[in-house]
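Inspection log for the structure reproduced underneath, given as C-alpha cells.
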Amino acid sequence: MQTTVEDLPADVLACALRRLDGPSLAAASCATAGLRALAAEPETWRALCVARWPSLLQTQRRDILGSAAVSPQRLFADAFPFPSSSTDAASVTAADQCLPVELISAVDVYHKGAPLFSRVVETSTSSSWFLTSPFRVDAVECKDPVPAASFSPSDLELSWIVVDPRSGRAVNVSSRRAVAVDRHWYTGETLVRFAVVLGGSKFEATVTCSEEAGYLREVSLTVEDAENAAVSGEGSLRLLAAAMEGPRKGGEKEREEAKRRYEEFVRSKRGRKESKARREVLVDLCCSAVGAVAVLSFLASVVLR
C-alpha cells in the first residue's frame, strides 16, 4: 500500500499545518480536500494573524478577530498581499451603504523585523465633518509621543491594515518598507515615509521619529491626489472600498514595485507642478504684454492728438 501524508492522524497534521507561514498554509490547502478542511481551522489563521500583526492582540480597544464579520483567514488573504494599483474609486457607487461607516486601523511598526510599536485605532466615518475634511488618521499624536528603544529609521518597517468591521474586508495601505527617509526642515526629526498608490492617489503613512531621543513622535496616514491636493474623507473611503474588493498581488518584488510606483507618482506630480508654473509664467507675460501695449497705445494717442 502507498502511504500519503493524509494517513497521519488529523491532530498531527493540524499541528504540522500550524507551523507553516501564511503562504505555505494556503498552498497546502490547495493540495487535497482533507488538507483544505484542516487548513481552514480559524484558530490556525488567528495564530498566524497575531504573530504577524501584534496589534491584533490589543483586544482592550477592539477585538478585530473576535468580530463575527471578520474571518482570520479572510483578513490574512486581504492584508498580507499588496492591493492592485489599478484600484478605481469609480467602481464604488454613490450609495451610502457601499461606503464603510467605521474604519479600524491595525498599525504595527517593526525594527529589523522585531515589533517596535503596535496600536489599534477606531475611526467613525459617517459624520459630514469626516466626509468633507481631508482624510487623516493618527496612530500616534505629537502631543503623546511613544518611547522606543534605540533604532535606525532606515530599518523601520510598517504595516497599516484598514478594516471595515461591517463587511469584514481589509486592505494593507503600507509599502512595508520605507519609500523615502527625509529630515523635517524645522525640527530636524526624521520622517520615514511608507506609501502605496491606489486609483491615482497616494496613501502615505509617515513615521516622525528621533533616533537620538529614542521616541516616535507621530504616526499618521494621509491621502493625496496627483495634483498635490488632500483627498477628502469621502473620496478616501471610495478608494479604500474599491481596494478592499479589488485584486491583490503577492511576492517580495511587490515591495520594490510599491517604491517604484511611489517614485513615478512623485515625478508625475513634480512634472505637473512645473508645467503649471510654466503656464502661469506664460499667462503673466501675456498679461504684461497686453498691459504694455495698452499703455503705449494710450501714450501714442495722447502724443498724436
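In the C-alpha cells, the first chain shown is A, the next is B, and so on; residue numbers restart at 1 for each chain, and ligands run from 1 in the order shown.
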Long-range neighbours of stretch 136-148 of chain A as a list in words, 7 Å cut-off, only C-alpha atoms, 5 positions minimum in chain: Leu116, Arg119, Val121, Gly214, Tyr215, Leu216, Arg217, Glu218, Val219, Ser220, Leu221 and Thr222 of chain A
Extract, using only C-alpha atoms, all DNA, RNA and protein residues at most 7 Å from stretch 258-273 of chain A, discarding same-chain residues fewer than 6 positions from it, and format them as JSON, numbers by chain. {"A": [175, 179, 195, 196, 197, 226, 227, 228]}
Determine which residues of stretch 27-187 of chain A receive a DSSP assignment of alpha helix (DSSP H), computed from the backbone, and state them as number ranges by chain. A: 27-29, 33-39, 42-52, 72-79, 128-132
Need to verify the contact set: A:Ser232, 8 Å, only C-alpha atoms, exclusion of same-chain residues closer than 5 positions in sequence. Can you return it as a PyMOL selection string? chain A and resi 130-135
Could those selected residues go to a file with all heavy atoms, as a compact mmCIF listing (two decimals), in the first residue's frame?
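And here's again.txt as it stands now:
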# COMPACT_ATOMS: atom_id res chain seq x y z
N PHE A 130 -16.21 64.41 8.78
CA PHE A 130 -15.19 63.49 8.28
C PHE A 130 -15.26 63.39 6.76
O PHE A 130 -14.22 63.40 6.08
CB PHE A 130 -15.39 62.10 8.88
CG PHE A 130 -14.42 61.06 8.36
CD1 PHE A 130 -13.19 60.87 8.96
CD2 PHE A 130 -14.74 60.30 7.23
CE1 PHE A 130 -12.29 59.94 8.45
CE2 PHE A 130 -13.85 59.36 6.73
CZ PHE A 130 -12.63 59.19 7.34
N LEU A 131 -16.45 63.30 6.21
CA LEU A 131 -16.60 63.10 4.76
C LEU A 131 -16.08 64.27 3.95
O LEU A 131 -15.62 64.10 2.82
CB LEU A 131 -18.07 62.82 4.43
CG LEU A 131 -18.65 61.52 4.98
CD1 LEU A 131 -20.15 61.46 4.72
CD2 LEU A 131 -17.96 60.30 4.39
N THR A 132 -16.17 65.49 4.50
CA THR A 132 -15.78 66.67 3.73
C THR A 132 -14.38 67.17 4.07
O THR A 132 -13.83 68.00 3.34
CB THR A 132 -16.78 67.81 3.98
OG1 THR A 132 -16.87 68.07 5.39
CG2 THR A 132 -18.16 67.43 3.45
N SER A 133 -13.79 66.68 5.16
CA SER A 133 -12.46 67.12 5.56
C SER A 133 -11.39 66.26 4.90
O SER A 133 -11.66 65.14 4.47
CB SER A 133 -12.30 67.05 7.08
OG SER A 133 -13.26 67.87 7.72
N PRO A 134 -10.15 66.76 4.83
CA PRO A 134 -9.06 65.92 4.32
C PRO A 134 -8.90 64.67 5.18
O PRO A 134 -8.96 64.73 6.41
CB PRO A 134 -7.83 66.83 4.44
CG PRO A 134 -8.38 68.22 4.39
CD PRO A 134 -9.70 68.15 5.09
N PHE A 135 -8.68 63.54 4.54
CA PHE A 135 -8.55 62.27 5.25
C PHE A 135 -7.25 62.24 6.04
O PHE A 135 -6.18 62.53 5.52
CB PHE A 135 -8.58 61.11 4.25
CG PHE A 135 -8.45 59.75 4.88
CD1 PHE A 135 -9.58 59.05 5.28
CD2 PHE A 135 -7.21 59.17 5.07
CE1 PHE A 135 -9.46 57.80 5.86
CE2 PHE A 135 -7.08 57.92 5.65
CZ PHE A 135 -8.21 57.23 6.04
In Å, with one decimal, what is the gap from atom CA of A:Leu103 to atom CA of A:Gly233?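 One can read the atom CA of A:Leu103 to atom CA of A:Gly233 distance as 11.4 Å.
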Could you give me, as a VMD selection string, the residues within 8 Å of A:Ala39, counting only C-alpha atoms and dropping anything in the same chain fewer than 4 positions from it? chain A and resid 14 17 25 to 26 28 to 29 35 44
Point-to-point distance from atom CA of A:Phe80 to atom CA of A:Ser118, Å rounded to tenths: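 Interatomic distance here is 16.8 Å.
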